[in-house]
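final-v2.txt follows; it contains compact mmCIF, C-alpha atoms.
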# COMPACT_ATOMS: atom_id res chain seq x y z
CA MET A 174 59.62 -125.93 -22.37
CA GLY A 175 60.37 -124.75 -18.82
CA ALA A 176 59.09 -126.31 -15.64
CA ARG A 177 55.57 -125.37 -14.58
CA MET A 178 55.13 -122.98 -11.69
CA TYR A 179 52.00 -123.13 -9.54
CA TYR A 180 50.36 -119.94 -8.24
CA ASP A 181 47.39 -118.92 -6.08
CA ALA A 182 44.88 -119.86 -8.76
CA ASP A 183 46.30 -123.41 -8.84
CA ALA A 184 45.91 -124.00 -5.09
CA ASP A 185 42.51 -124.61 -3.48
CA ALA A 186 42.62 -122.86 -0.10
CA SER A 187 39.46 -124.66 0.99
CA ALA A 188 41.44 -127.91 1.25
CA LEU A 189 42.54 -126.74 4.71
CA ALA A 190 39.18 -125.26 5.72
CA GLY A 191 37.89 -126.73 8.96
CA ARG A 192 41.14 -128.61 9.46
CA THR A 193 43.84 -128.16 12.08
CA VAL A 194 47.52 -127.86 11.21
CA ALA A 195 50.14 -128.74 13.83
CA ILE A 196 53.46 -126.96 13.54
CA ILE A 197 56.08 -129.00 15.38
CA GLY A 198 58.86 -126.64 16.41
CA TYR A 199 59.02 -122.86 16.70
CA GLY A 200 62.45 -121.93 15.37
CA SER A 201 63.38 -119.96 12.27
CA GLN A 202 60.94 -121.79 9.98
CA GLY A 203 58.44 -122.84 12.63
CA HIS A 204 57.48 -119.37 13.79
CA ALA A 205 57.03 -118.17 10.19
CA HIS A 206 54.89 -121.16 9.17
CA ALA A 207 52.68 -120.87 12.24
CA LEU A 208 52.10 -117.12 11.92
CA ASN A 209 51.60 -117.11 8.14
CA LEU A 210 49.11 -119.98 8.30
CA ARG A 211 47.25 -118.35 11.19
CA ASP A 212 47.01 -115.07 9.31
CA SER A 213 45.70 -116.97 6.28
CA GLY A 214 42.78 -118.22 8.37
CA VAL A 215 44.11 -121.70 9.14
CA ASP A 216 43.54 -123.26 12.57
CA VAL A 217 47.06 -123.72 13.95
CA VAL A 218 48.43 -125.46 17.01
CA VAL A 219 52.15 -125.33 17.85
CA GLY A 220 53.58 -128.55 19.25
CA LEU A 221 56.50 -128.10 21.64
CA LYS A 222 58.09 -129.97 24.52
CA GLU A 223 56.91 -128.79 27.93
CA THR A 224 60.46 -127.60 28.67
CA SER A 225 60.88 -125.64 25.40
CA GLN A 226 61.89 -122.00 25.78
CA SER A 227 59.88 -121.28 22.64
CA ARG A 228 56.54 -121.98 24.32
CA ALA A 229 56.41 -118.47 25.76
CA LEU A 230 57.27 -116.90 22.40
CA ALA A 231 54.51 -118.81 20.62
CA ALA A 232 51.97 -117.98 23.33
CA GLU A 233 52.93 -114.29 23.23
CA ALA A 234 52.24 -114.35 19.48
CA GLY A 235 48.70 -115.49 20.24
CA LEU A 236 49.18 -119.06 19.08
CA ARG A 237 47.71 -122.15 20.71
CA VAL A 238 50.49 -124.26 22.23
CA ALA A 239 50.36 -127.94 23.17
CA SER A 240 52.70 -130.86 23.67
CA VAL A 241 53.92 -132.54 20.48
CA ALA A 242 51.75 -135.57 21.21
CA GLU A 243 48.61 -133.51 21.84
CA ALA A 244 49.23 -131.37 18.75
CA THR A 245 49.61 -134.50 16.64
CA LYS A 246 46.34 -135.92 17.97
CA ALA A 247 44.48 -132.67 17.29
CA ALA A 248 45.75 -132.12 13.76
CA ASP A 249 44.83 -133.26 10.28
CA THR A 250 48.19 -132.01 8.94
CA ILE A 251 51.46 -132.19 10.88
CA MET A 252 54.43 -130.11 9.69
CA ILE A 253 57.71 -131.15 11.35
CA LEU A 254 60.04 -128.15 11.65
CA VAL A 255 62.51 -129.16 14.34
CA PRO A 256 66.16 -129.51 13.18
CA ASP A 257 66.94 -132.40 10.82
CA THR A 258 68.98 -134.25 13.42
CA ALA A 259 66.22 -133.99 16.04
CA GLN A 260 63.34 -135.06 13.82
CA LYS A 261 63.69 -138.84 14.18
CA GLY A 262 63.72 -138.67 17.97
CA VAL A 263 60.68 -136.38 18.11
CA TYR A 264 58.86 -138.46 15.51
CA ASP A 265 59.54 -141.79 17.20
CA ALA A 266 58.63 -140.61 20.72
CA ASP A 267 55.80 -138.14 20.26
CA ILE A 268 54.37 -138.29 16.73
CA ALA A 269 54.37 -141.87 15.44
CA PRO A 270 52.37 -143.33 18.37
CA HIS A 271 49.53 -140.87 17.72
CA LEU A 272 49.21 -140.93 13.93
CA ARG A 273 45.94 -142.00 12.36
CA ALA A 274 44.99 -142.86 8.79
CA GLY A 275 44.29 -139.86 6.59
CA GLN A 276 46.67 -137.46 8.29
CA LEU A 277 49.19 -135.57 6.16
CA LEU A 278 52.74 -135.60 7.53
CA MET A 279 54.75 -132.72 6.10
CA PHE A 280 58.35 -131.56 5.97
CA ALA A 281 60.18 -128.43 4.81
CA HIS A 282 63.24 -130.47 3.82
CA GLY A 283 63.36 -134.05 2.56
CA PHE A 284 66.41 -135.17 4.58
CA ASN A 285 64.75 -137.62 6.98
CA ILE A 286 62.38 -139.17 4.46
CA HIS A 287 64.95 -139.44 1.67
CA PHE A 288 67.64 -141.00 3.87
CA GLY A 289 65.18 -143.38 5.53
CA ARG A 290 65.35 -141.92 9.01
CA ILE A 291 61.56 -141.57 9.15
CA ASP A 292 59.24 -144.09 7.46
CA PRO A 293 55.56 -143.33 8.22
CA PRO A 294 53.11 -146.24 8.22
CA ALA A 295 50.65 -146.97 5.42
CA GLY A 296 47.63 -144.70 5.42
CA ILE A 297 49.66 -141.60 6.26
CA ASP A 298 50.12 -139.09 3.45
CA VAL A 299 53.60 -137.57 3.14
CA GLY A 300 54.23 -134.15 1.58
CA MET A 301 56.68 -131.29 1.57
CA VAL A 302 56.67 -127.51 1.17
CA ALA A 303 60.22 -126.12 1.19
CA PRO A 304 60.36 -122.30 1.09
CA LYS A 305 63.43 -120.96 -0.68
CA GLY A 306 64.40 -118.55 2.06
CA PRO A 307 65.00 -118.34 5.82
CA GLY A 308 62.06 -118.08 8.19
CA HIS A 309 62.37 -114.38 8.97
CA LEU A 310 62.16 -113.62 5.24
CA LEU A 311 59.21 -115.98 4.74
CA ARG A 312 57.39 -114.04 7.45
CA SER A 313 58.36 -110.47 6.52
CA VAL A 314 57.62 -110.89 2.81
CA TYR A 315 54.23 -112.41 3.65
CA VAL A 316 53.38 -109.46 5.92
CA GLU A 317 54.31 -107.07 3.11
CA GLY A 318 51.88 -108.85 0.78
CA GLY A 319 54.40 -110.91 -1.16
CA GLY A 320 55.68 -114.44 -0.94
CA VAL A 321 58.83 -116.53 -0.97
CA PRO A 322 59.07 -119.13 -3.77
CA ALA A 323 58.98 -122.74 -2.66
CA LEU A 324 59.35 -126.33 -3.77
CA PHE A 325 56.60 -128.85 -3.08
CA ALA A 326 56.46 -132.62 -3.31
CA VAL A 327 54.19 -135.50 -2.47
CA GLN A 328 55.94 -138.71 -1.43
CA ARG A 329 52.78 -140.64 -0.62
CA ASP A 330 49.12 -139.96 -1.38
CA ASP A 331 47.15 -142.79 0.23
CA SER A 332 44.12 -140.56 0.83
CA GLY A 333 44.03 -139.13 -2.69
CA THR A 334 44.02 -135.60 -1.24
CA ALA A 335 47.69 -135.09 -0.34
CA ARG A 336 48.60 -133.03 -3.40
CA THR A 337 45.60 -130.71 -2.98
CA ARG A 338 46.34 -130.22 0.72
CA THR A 339 50.05 -129.68 0.11
CA LEU A 340 49.34 -126.95 -2.45
CA ALA A 341 46.81 -125.39 -0.06
CA TYR A 342 49.49 -125.34 2.63
CA ALA A 343 51.91 -123.60 0.22
CA ARG A 344 49.21 -121.02 -0.51
CA ALA A 345 48.55 -120.38 3.17
CA LEU A 346 52.29 -119.73 3.64
CA GLY A 347 52.13 -117.13 0.87
CA CYS A 348 54.48 -119.11 -1.36
CA THR A 349 52.05 -119.46 -4.29
CA ARG A 350 52.06 -115.66 -4.55
CA ALA A 351 55.62 -116.02 -5.88
CA GLY A 352 55.23 -119.48 -7.39
CA VAL A 353 55.96 -123.04 -6.28
CA LEU A 354 57.75 -125.73 -8.28
CA GLU A 355 56.93 -129.44 -8.04
CA THR A 356 59.83 -131.76 -7.23
CA THR A 357 60.59 -135.00 -5.36
CA PHE A 358 61.98 -135.58 -1.88
CA ALA A 359 65.20 -136.94 -3.42
CA GLU A 360 65.72 -134.01 -5.79
CA GLU A 361 64.96 -131.39 -3.15
CA THR A 362 67.22 -132.98 -0.56
CA GLU A 363 70.23 -133.49 -2.82
CA THR A 364 70.07 -130.10 -4.55
CA ASP A 365 69.42 -128.27 -1.28
CA LEU A 366 72.41 -129.83 0.45
CA PHE A 367 74.61 -129.24 -2.58
CA GLY A 368 73.55 -125.60 -2.92
CA GLU A 369 74.25 -124.95 0.76
CA GLN A 370 77.67 -126.59 0.68
CA SER A 371 78.95 -125.46 -2.72
CA VAL A 372 77.68 -121.88 -2.92
CA LEU A 373 75.18 -120.48 -0.44
CA CYS A 374 76.98 -121.24 2.80
CA GLY A 375 80.16 -123.29 2.42
CA GLY A 376 81.47 -121.95 -0.86
CA THR A 377 80.63 -118.31 -0.19
CA ALA A 378 81.92 -118.32 3.40
CA SER A 379 85.21 -119.94 2.39
CA LEU A 380 85.67 -117.62 -0.59
CA VAL A 381 85.07 -114.53 1.55
CA LYS A 382 87.42 -115.68 4.32
CA MET A 383 90.20 -116.64 1.92
CA ALA A 384 89.98 -113.34 0.03
CA PHE A 385 90.01 -111.42 3.33
CA GLU A 386 93.02 -113.39 4.58
CA THR A 387 94.88 -112.84 1.30
CA LEU A 388 94.53 -109.06 1.57
CA VAL A 389 95.45 -108.93 5.27
CA GLU A 390 98.47 -111.19 4.75
CA ALA A 391 99.62 -108.81 1.98
CA GLY A 392 99.62 -105.94 4.47
CA TYR A 393 96.32 -104.24 3.74
CA GLN A 394 94.14 -102.88 6.55
CA PRO A 395 91.69 -105.48 7.87
CA GLU A 396 88.87 -102.93 7.82
CA LEU A 397 89.48 -102.23 4.13
CA ALA A 398 89.69 -105.95 3.42
CA TYR A 399 86.33 -106.44 5.15
CA PHE A 400 84.63 -103.83 2.98
CA GLU A 401 86.07 -105.30 -0.22
CA THR A 402 85.33 -108.95 0.47
CA MET A 403 82.29 -109.02 2.79
CA HIS A 404 80.39 -105.74 2.96
CA GLU A 405 80.09 -105.17 -0.78
CA LEU A 406 78.99 -108.75 -1.41
CA LYS A 407 75.39 -107.86 -0.55
CA LEU A 408 75.37 -105.13 -3.20
CA ILE A 409 76.49 -107.58 -5.86
CA VAL A 410 74.12 -110.34 -4.74
CA ASP A 411 71.19 -107.90 -4.76
CA LEU A 412 71.96 -107.07 -8.40
CA MET A 413 72.06 -110.76 -9.32
CA TYR A 414 68.86 -111.36 -7.35
CA ARG A 415 67.03 -108.72 -9.38
CA GLY A 416 68.40 -109.38 -12.87
CA GLY A 417 70.82 -112.28 -12.95
CA LEU A 418 74.51 -112.18 -13.83
CA ASN A 419 73.82 -109.98 -16.85
CA PHE A 420 72.27 -107.22 -14.74
CA MET A 421 75.12 -107.43 -12.24
CA ARG A 422 77.65 -107.03 -15.03
CA PHE A 423 75.60 -104.25 -16.61
CA SER A 424 75.59 -102.39 -13.28
CA VAL A 425 79.27 -102.58 -12.33
CA SER A 426 82.16 -100.80 -14.03
CA ASP A 427 83.72 -102.11 -17.24
CA THR A 428 86.89 -102.75 -15.25
CA ALA A 429 85.00 -104.94 -12.77
CA GLU A 430 83.22 -106.76 -15.58
CA TYR A 431 86.47 -107.48 -17.44
CA GLY A 432 88.08 -108.72 -14.22
CA ASP A 433 85.07 -110.99 -13.73
CA TYR A 434 85.65 -112.68 -17.09
CA VAL A 435 89.44 -113.06 -16.91
CA SER A 436 90.02 -113.74 -13.20
CA GLY A 437 86.85 -115.46 -12.03
CA PRO A 438 87.54 -118.69 -13.95
CA ARG A 439 91.11 -118.75 -12.59
CA ILE A 440 89.84 -118.70 -9.00
CA ILE A 441 86.84 -120.99 -9.50
CA ASP A 442 88.57 -123.37 -11.90
CA GLU A 443 88.17 -126.96 -13.10
CA HIS A 444 89.71 -128.23 -9.87
CA VAL A 445 86.79 -126.61 -8.04
CA ARG A 446 84.34 -128.24 -10.45
CA HIS A 447 85.93 -131.60 -9.70
CA THR A 448 85.58 -131.00 -5.95
CA MET A 449 81.96 -129.92 -6.41
CA ARG A 450 81.24 -133.22 -8.15
CA GLU A 451 82.83 -135.09 -5.24
CA VAL A 452 80.69 -133.15 -2.77
CA LEU A 453 77.57 -133.92 -4.82
CA HIS A 454 78.45 -137.62 -4.94
CA GLU A 455 78.86 -137.71 -1.15
CA ILE A 456 75.40 -136.18 -0.82
CA GLN A 457 73.85 -138.59 -3.32
CA ASP A 458 75.32 -141.76 -1.82
CA GLY A 459 74.34 -140.74 1.71
CA SER A 460 77.87 -140.48 3.10
CA PHE A 461 77.42 -136.82 4.10
CA ALA A 462 74.14 -137.65 5.84
CA ARG A 463 75.77 -140.54 7.70
CA ARG A 464 78.67 -138.33 8.76
CA TRP A 465 76.32 -135.59 9.99
CA ILE A 466 74.09 -138.02 11.88
CA ALA A 467 77.11 -139.74 13.46
CA GLU A 468 78.52 -136.35 14.49
CA ASN A 469 75.32 -135.52 16.36
CA GLU A 470 74.99 -138.95 17.93
CA SER A 471 78.56 -138.74 19.24
CA GLY A 472 77.97 -135.41 20.97
CA GLY A 473 78.91 -132.96 18.22
CA ALA A 474 82.48 -132.20 19.34
CA GLU A 475 83.78 -131.58 15.81
CA PHE A 476 80.79 -129.38 14.96
CA ALA A 477 81.34 -127.30 18.10
CA ARG A 478 85.05 -126.93 17.33
CA LEU A 479 84.41 -125.84 13.74
CA ARG A 480 81.70 -123.40 14.80
CA GLN A 481 83.91 -121.83 17.48
CA ALA A 482 86.88 -121.47 15.13
CA ASP A 483 84.85 -119.53 12.59
CA GLN A 484 83.08 -117.40 15.21
CA ASP A 485 86.52 -116.23 16.35
CA HIS A 486 87.84 -115.50 12.83
CA GLN A 487 89.35 -112.03 12.37
CA ILE A 488 86.78 -111.08 9.72
CA GLU A 489 84.02 -111.62 12.32
CA ARG A 490 85.70 -109.42 14.92
CA VAL A 491 86.45 -106.64 12.44
CA GLY A 492 83.01 -106.85 10.87
CA ALA A 493 81.20 -106.66 14.21
CA GLU A 494 83.01 -103.43 15.11
CA LEU A 495 82.27 -101.83 11.74
CA ARG A 496 78.62 -102.92 11.62
CA ALA A 497 78.04 -101.58 15.12
CA GLN A 498 78.61 -98.09 13.71
CA MET A 499 76.11 -98.62 10.88
CA ARG A 500 72.88 -98.85 12.84
CA TRP A 501 70.78 -98.58 9.68
CA LEU A 502 71.90 -102.10 8.82
CA ASN A 503 70.08 -103.35 11.94
CA PRO A 504 73.26 -105.27 12.84
CA VAL A 505 72.96 -108.44 14.87
CA GLU A 506 75.39 -110.57 16.83
CA VAL A 507 74.94 -114.28 17.47
CA ARG A 508 75.36 -115.13 21.13
CA ALA A 509 76.27 -118.51 22.58
CA GLY A 510 73.17 -120.54 23.37
CA GLN A 511 70.85 -118.27 21.38
CA THR A 512 67.86 -120.04 19.82
CA GLN A 513 66.65 -119.34 16.32
CA ALA A 514 63.20 -118.46 17.61
CA SER A 515 64.54 -115.71 19.89
CA ALA A 516 66.96 -114.63 17.18
CA SER A 517 64.03 -114.14 14.80
CA GLN A 518 62.57 -111.45 17.05
CA PRO A 519 63.46 -107.75 16.58
CA GLY A 520 67.08 -107.23 17.49
CA GLY A 521 67.88 -110.92 17.28
CA ARG A 522 69.62 -113.00 14.67
CA ALA A 523 68.00 -112.77 11.26
I'd like the structure from this file rewritten - as structure tokens, please.
Amino acid sequence: MGARMYYDADADASALAGRTVAIIGYGSQGHAHALNLRDSGVDVVVGLKETSQSRALAAEAGLRVASVAEATKAADTIMILVPDTAQKGVYDADIAPHLRAGQLLMFAHGFNIHFGRIDPPAGIDVGMVAPKGPGHLLRSVYVEGGGVPALFAVQRDDSGTARTRTLAYARALGCTRAGVLETTFAEETETDLFGEQSVLCGGTASLVKMAFETLVEAGYQPELAYFETMHELKLIVDLMYRGGLNFMRFSVSDTAEYGDYVSGPRIIDEHVRHTMREVLHEIQDGSFARRWIAENESGGAEFARLRQADQDHQIERVGAELRAQMRWLNPVEVRAGQTQASASQPGGRA
């Protein structure tokens, strides 16, 4: 029997009635959570530092804005949506001193709870709603009347109402329109990190770059290599998104399908499986988390170097020129110092 999915009928929207939700942060996820909840009739306050550039964006959207401390004091539910590496500092300085029994502290990713960076005191409920999509998609699908699937979890339910309130929060986001799956903070954190590193970000980005480089090194035109290894990827992913691998294979040519079967396992072979298991182990034992935290605490020099190297990769330069001529794609370019909140606006980064 498959896992149970929870939908609108399973979530009591009244659990948030008459209550205030504080959204801490206004980046990619923060802006979507705040706007979706507001449009679902929830009283929302956005908590931001007085120096945050996002304060103007939130105010322009018609949202109430306060300091993190004041938002925490005013709220019954606090959703922390600042970056993982910033959460402990914000929590320690501006949230923890103002918590009171009965409040529900929420997260969209279990990183800081699972790895012990944040440990709320007794009497504070701890829950999670983790949408399975970036913030701009969470918002746009909601506006269109749909929803993004999500995971939800309750780490602590001292009040006896945490699960009901967490499901109500998922409903207000629009996620129960598509369905939400119950999990734990540990399972969500470990699978999320692994998915990002092995397939969604790390694996896909490395596969695309290596295929592009292989064609260019063999003398093929970079523009042609871009189309074959990057541009067409969306078409294939959209087919898988709609109907799985079977629909993708049904939709492509027989030649492409045969090449899938005979060449795919040669490229993604048992050596890759072994490496994936190593990556998963490093996530499970906390060594990746420790490395990432240490990188940030030391100033992030390696992170900056890696980011710059990939931003300057030939496939990025070629792709930007080609996409600029295809205005119907609504092409975007990431600029140095750009925030996710500003990038989420029309013409910004998706």
Could you give me, as CSV, every range 205-294 of chain A residue with an atom at most 10 Å from range 332-336 of chain A, plus its closest atom pair and distance in Å to one decimal, counting all atoms listed in the file, rows ordered by chain then number?
residue,atom,partner,partner_atom,distance
A:Thr250,CA,A:Ala335,CA,9.8
A:Ala274,CA,A:Ser332,CA,8.3
A:Gly275,CA,A:Ser332,CA,5.8
A:Gln276,CA,A:Ser332,CA,8.5
A:Leu277,CA,A:Ala335,CA,6.7
A:Leu278,CA,A:Ala335,CA,9.4
A:Met279,CA,A:Ala335,CA,9.8
Leaving out Gln484 in chain A and any residue of its chain fewer than 2 positions from it, which residues lie within 12 Å of it when counting only C-alpha atoms, given as a PyMOL selection string? chain A and resi 378+382+477-482+486-493+506-509
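Separating CA of Leu388 in chain A from CA of Ser371 in chain A is a distance of 23.0 Å.
Here CA of Val327 in chain A is placed at a distance of 10.6 Å from CA of Gly283 in chain A.
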The residues within 9 Å of (64.2, -127.3, 6.7), using only C-alpha atoms and the coordinates of the file, should be reported as a VMD selection string; which are they? chain A and resid 202 253 to 257 280 to 284 303 to 304
So which residues touch Tyr342 in chain A within 8 Å, counting all atoms listed in the file, skipping near sequence neighbours fewer than 6 positions away, as a CSV table (one decimal) with C-alpha atoms, keeping the file's coordinate frame?
chain,number,residue,atom,x,y,z
A,186,ALA,CA,42.6,-122.9,-0.1
A,189,LEU,CA,42.5,-126.7,4.7
A,210,LEU,CA,49.1,-120.0,8.3
A,302,VAL,CA,56.7,-127.5,1.2
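Atom pair CA of Ile456 in chain A / CA of Gln370 in chain A: separated by 10.0 Å.
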Glu233 in chain A environment, 12 Å, only C-alpha atoms, sequence neighbours closer than 4 positions dropped, as a PyMOL selection string: chain A and resi 204+208+227-229+237-238+518
Counting only C-alpha atoms, which residues of range 346-401 of chain A fall within 12 Å of range 427-445 of chain A, and what is the closest atom pair for each with its distance in Å at one decimal, ordered by chain and rising number, as JSON lines?
{"residue": "A:Ser371", "atom": "CA", "partner": "A:Val445", "partner_atom": "CA", "distance": 9.5}
{"residue": "A:Val372", "atom": "CA", "partner": "A:Ile441", "partner_atom": "CA", "distance": 11.3}
{"residue": "A:Gly376", "atom": "CA", "partner": "A:Val445", "partner_atom": "CA", "distance": 10.1}
{"residue": "A:Thr377", "atom": "CA", "partner": "A:Ile441", "partner_atom": "CA", "distance": 11.5}
{"residue": "A:Leu380", "atom": "CA", "partner": "A:Ile440", "partner_atom": "CA", "distance": 9.4}
{"residue": "A:Met383", "atom": "CA", "partner": "A:Ile440", "partner_atom": "CA", "distance": 11.1}
{"residue": "A:Ala384", "atom": "CA", "partner": "A:Ile440", "partner_atom": "CA", "distance": 10.5}
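Among the candidate residues A:Val218, A:Leu310, A:Leu418, A:Val381, the one lying nearest to Met403 in chain A is A:Val381, with distances computed using only C-alpha atoms.
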Write out as a list in words which residues come within 10 Å of Thr193 in chain A when counting all atoms listed in the file, dropping same-chain ones fewer than 6 positions away. Val215, Asp216, Val217, Val218, Ala244, Thr245, Ala247, Ala248, Asp249, Thr250 and Ile251 of chain A
Write out as a ChimeraX atom specification each polymer residue whose atoms come within 12 Å of Ile286 in chain A, counting only C-alpha atoms; drop sequence neighbours fewer than 3 positions from it. /A:253,257,260-261,264,278-283,289-293,299-301,326-329,357-362,462
Include C-alpha atoms and write out the residues we just selected as a short mmCIF file (atom, residue, chain, number, x, y, z; two decimals), in the frame of the given file.
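Dumped to result_33.cif:
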data_model
loop_
_atom_site.label_atom_id
_atom_site.label_comp_id
_atom_site.auth_asym_id
_atom_site.auth_seq_id
_atom_site.Cartn_x
_atom_site.Cartn_y
_atom_site.Cartn_z
CA ILE A 253 57.71 -131.15 11.35
CA ASP A 257 66.94 -132.40 10.82
CA GLN A 260 63.34 -135.06 13.82
CA LYS A 261 63.69 -138.84 14.18
CA TYR A 264 58.86 -138.46 15.51
CA LEU A 278 52.74 -135.60 7.53
CA MET A 279 54.75 -132.72 6.10
CA PHE A 280 58.35 -131.56 5.97
CA ALA A 281 60.18 -128.43 4.81
CA HIS A 282 63.24 -130.47 3.82
CA GLY A 283 63.36 -134.05 2.56
CA GLY A 289 65.18 -143.38 5.53
CA ARG A 290 65.35 -141.92 9.01
CA ILE A 291 61.56 -141.57 9.15
CA ASP A 292 59.24 -144.09 7.46
CA PRO A 293 55.56 -143.33 8.22
CA VAL A 299 53.60 -137.57 3.14
CA GLY A 300 54.23 -134.15 1.58
CA MET A 301 56.68 -131.29 1.57
CA ALA A 326 56.46 -132.62 -3.31
CA VAL A 327 54.19 -135.50 -2.47
CA GLN A 328 55.94 -138.71 -1.43
CA ARG A 329 52.78 -140.64 -0.62
CA THR A 357 60.59 -135.00 -5.36
CA PHE A 358 61.98 -135.58 -1.88
CA ALA A 359 65.20 -136.94 -3.42
CA GLU A 360 65.72 -134.01 -5.79
CA GLU A 361 64.96 -131.39 -3.15
CA THR A 362 67.22 -132.98 -0.56
CA ALA A 462 74.14 -137.65 5.84
#
Generate the coordinates of N, CA and C atoms for range 432-454 of chain A; report them as a PDB file, keeping the file's coordinate frame.
ATOM      1  N   GLY A 432      87.425-107.901 -15.238  1.00  0.00           N
ATOM      2  CA  GLY A 432      88.080-108.720 -14.220  1.00  0.00           C
ATOM      3  C   GLY A 432      87.281-109.970 -13.896  1.00  0.00           C
ATOM      4  N   ASP A 433      85.960-109.846 -13.922  1.00  0.00           N
ATOM      5  CA  ASP A 433      85.070-110.990 -13.730  1.00  0.00           C
ATOM      6  C   ASP A 433      85.395-112.075 -14.756  1.00  0.00           C
ATOM      7  N   TYR A 434      85.452-111.703 -16.018  1.00  0.00           N
ATOM      8  CA  TYR A 434      85.650-112.680 -17.090  1.00  0.00           C
ATOM      9  C   TYR A 434      87.041-113.321 -17.060  1.00  0.00           C
ATOM     10  N   VAL A 435      88.085-112.518 -16.784  1.00  0.00           N
ATOM     11  CA  VAL A 435      89.440-113.060 -16.910  1.00  0.00           C
ATOM     12  C   VAL A 435      89.979-113.679 -15.633  1.00  0.00           C
ATOM     13  N   SER A 436      89.487-113.228 -14.460  1.00  0.00           N
ATOM     14  CA  SER A 436      90.020-113.740 -13.200  1.00  0.00           C
ATOM     15  C   SER A 436      89.097-114.728 -12.499  1.00  0.00           C
ATOM     16  N   GLY A 437      87.793-114.545 -12.673  1.00  0.00           N
ATOM     17  CA  GLY A 437      86.850-115.460 -12.030  1.00  0.00           C
ATOM     18  C   GLY A 437      87.121-116.920 -12.336  1.00  0.00           C
ATOM     19  N   PRO A 438      87.274-117.284 -13.616  1.00  0.00           N
ATOM     20  CA  PRO A 438      87.540-118.690 -13.950  1.00  0.00           C
ATOM     21  C   PRO A 438      88.890-119.206 -13.460  1.00  0.00           C
ATOM     22  N   ARG A 439      89.829-118.306 -13.145  1.00  0.00           N
ATOM     23  CA  ARG A 439      91.110-118.750 -12.590  1.00  0.00           C
ATOM     24  C   ARG A 439      90.951-119.122 -11.122  1.00  0.00           C
ATOM     25  N   ILE A 440      90.053-118.426 -10.420  1.00  0.00           N
ATOM     26  CA  ILE A 440      89.840-118.700  -9.000  1.00  0.00           C
ATOM     27  C   ILE A 440      88.906-119.890  -8.819  1.00  0.00           C
ATOM     28  N   ILE A 441      87.786-119.865  -9.518  1.00  0.00           N
ATOM     29  CA  ILE A 441      86.840-120.990  -9.500  1.00  0.00           C
ATOM     30  C   ILE A 441      87.112-121.788 -10.768  1.00  0.00           C
ATOM     31  N   ASP A 442      88.079-122.686 -10.707  1.00  0.00           N
ATOM     32  CA  ASP A 442      88.570-123.370 -11.900  1.00  0.00           C
ATOM     33  C   ASP A 442      88.065-124.807 -11.980  1.00  0.00           C
ATOM     34  N   GLU A 443      88.626-125.581 -12.900  1.00  0.00           N
ATOM     35  CA  GLU A 443      88.170-126.960 -13.100  1.00  0.00           C
ATOM     36  C   GLU A 443      88.443-127.843 -11.883  1.00  0.00           C
ATOM     37  N   HIS A 444      89.464-127.488 -11.107  1.00  0.00           N
ATOM     38  CA  HIS A 444      89.710-128.230  -9.870  1.00  0.00           C
ATOM     39  C   HIS A 444      88.524-128.069  -8.923  1.00  0.00           C
ATOM     40  N   VAL A 445      87.964-126.860  -8.875  1.00  0.00           N
ATOM     41  CA  VAL A 445      86.790-126.610  -8.040  1.00  0.00           C
ATOM     42  C   VAL A 445      85.597-127.401  -8.555  1.00  0.00           C
ATOM     43  N   ARG A 446      85.433-127.447  -9.877  1.00  0.00           N
ATOM     44  CA  ARG A 446      84.340-128.240 -10.450  1.00  0.00           C
ATOM     45  C   ARG A 446      84.464-129.715 -10.045  1.00  0.00           C
ATOM     46  N   HIS A 447      85.690-130.211 -10.087  1.00  0.00           N
ATOM     47  CA  HIS A 447      85.930-131.600  -9.700  1.00  0.00           C
ATOM     48  C   HIS A 447      85.542-131.827  -8.238  1.00  0.00           C
ATOM     49  N   THR A 448      85.929-130.883  -7.374  1.00  0.00           N
ATOM     50  CA  THR A 448      85.580-131.000  -5.950  1.00  0.00           C
ATOM     51  C   THR A 448      84.080-130.907  -5.754  1.00  0.00           C
ATOM     52  N   MET A 449      83.421-130.030  -6.508  1.00  0.00           N
ATOM     53  CA  MET A 449      81.960-129.920  -6.410  1.00  0.00           C
ATOM     54  C   MET A 449      81.297-131.259  -6.760  1.00  0.00           C
ATOM     55  N   ARG A 450      81.811-131.924  -7.770  1.00  0.00           N
ATOM     56  CA  ARG A 450      81.240-133.220  -8.150  1.00  0.00           C
ATOM     57  C   ARG A 450      81.448-134.254  -7.045  1.00  0.00           C
ATOM     58  N   GLU A 451      82.586-134.181  -6.361  1.00  0.00           N
ATOM     59  CA  GLU A 451      82.830-135.090  -5.240  1.00  0.00           C
ATOM     60  C   GLU A 451      81.849-134.820  -4.112  1.00  0.00           C
ATOM     61  N   VAL A 452      81.631-133.534  -3.825  1.00  0.00           N
ATOM     62  CA  VAL A 452      80.690-133.150  -2.770  1.00  0.00           C
ATOM     63  C   VAL A 452      79.283-133.641  -3.124  1.00  0.00           C
ATOM     64  N   LEU A 453      78.884-133.459  -4.384  1.00  0.00           N
ATOM     65  CA  LEU A 453      77.570-133.920  -4.820  1.00  0.00           C
ATOM     66  C   LEU A 453      77.439-135.432  -4.683  1.00  0.00           C
ATOM     67  N   HIS A 454      78.476-136.157  -5.051  1.00  0.00           N
ATOM     68  CA  HIS A 454      78.450-137.620  -4.940  1.00  0.00           C
ATOM     69  C   HIS A 454      78.286-138.058  -3.487  1.00  0.00           C
TER      70      HIS A 454
END
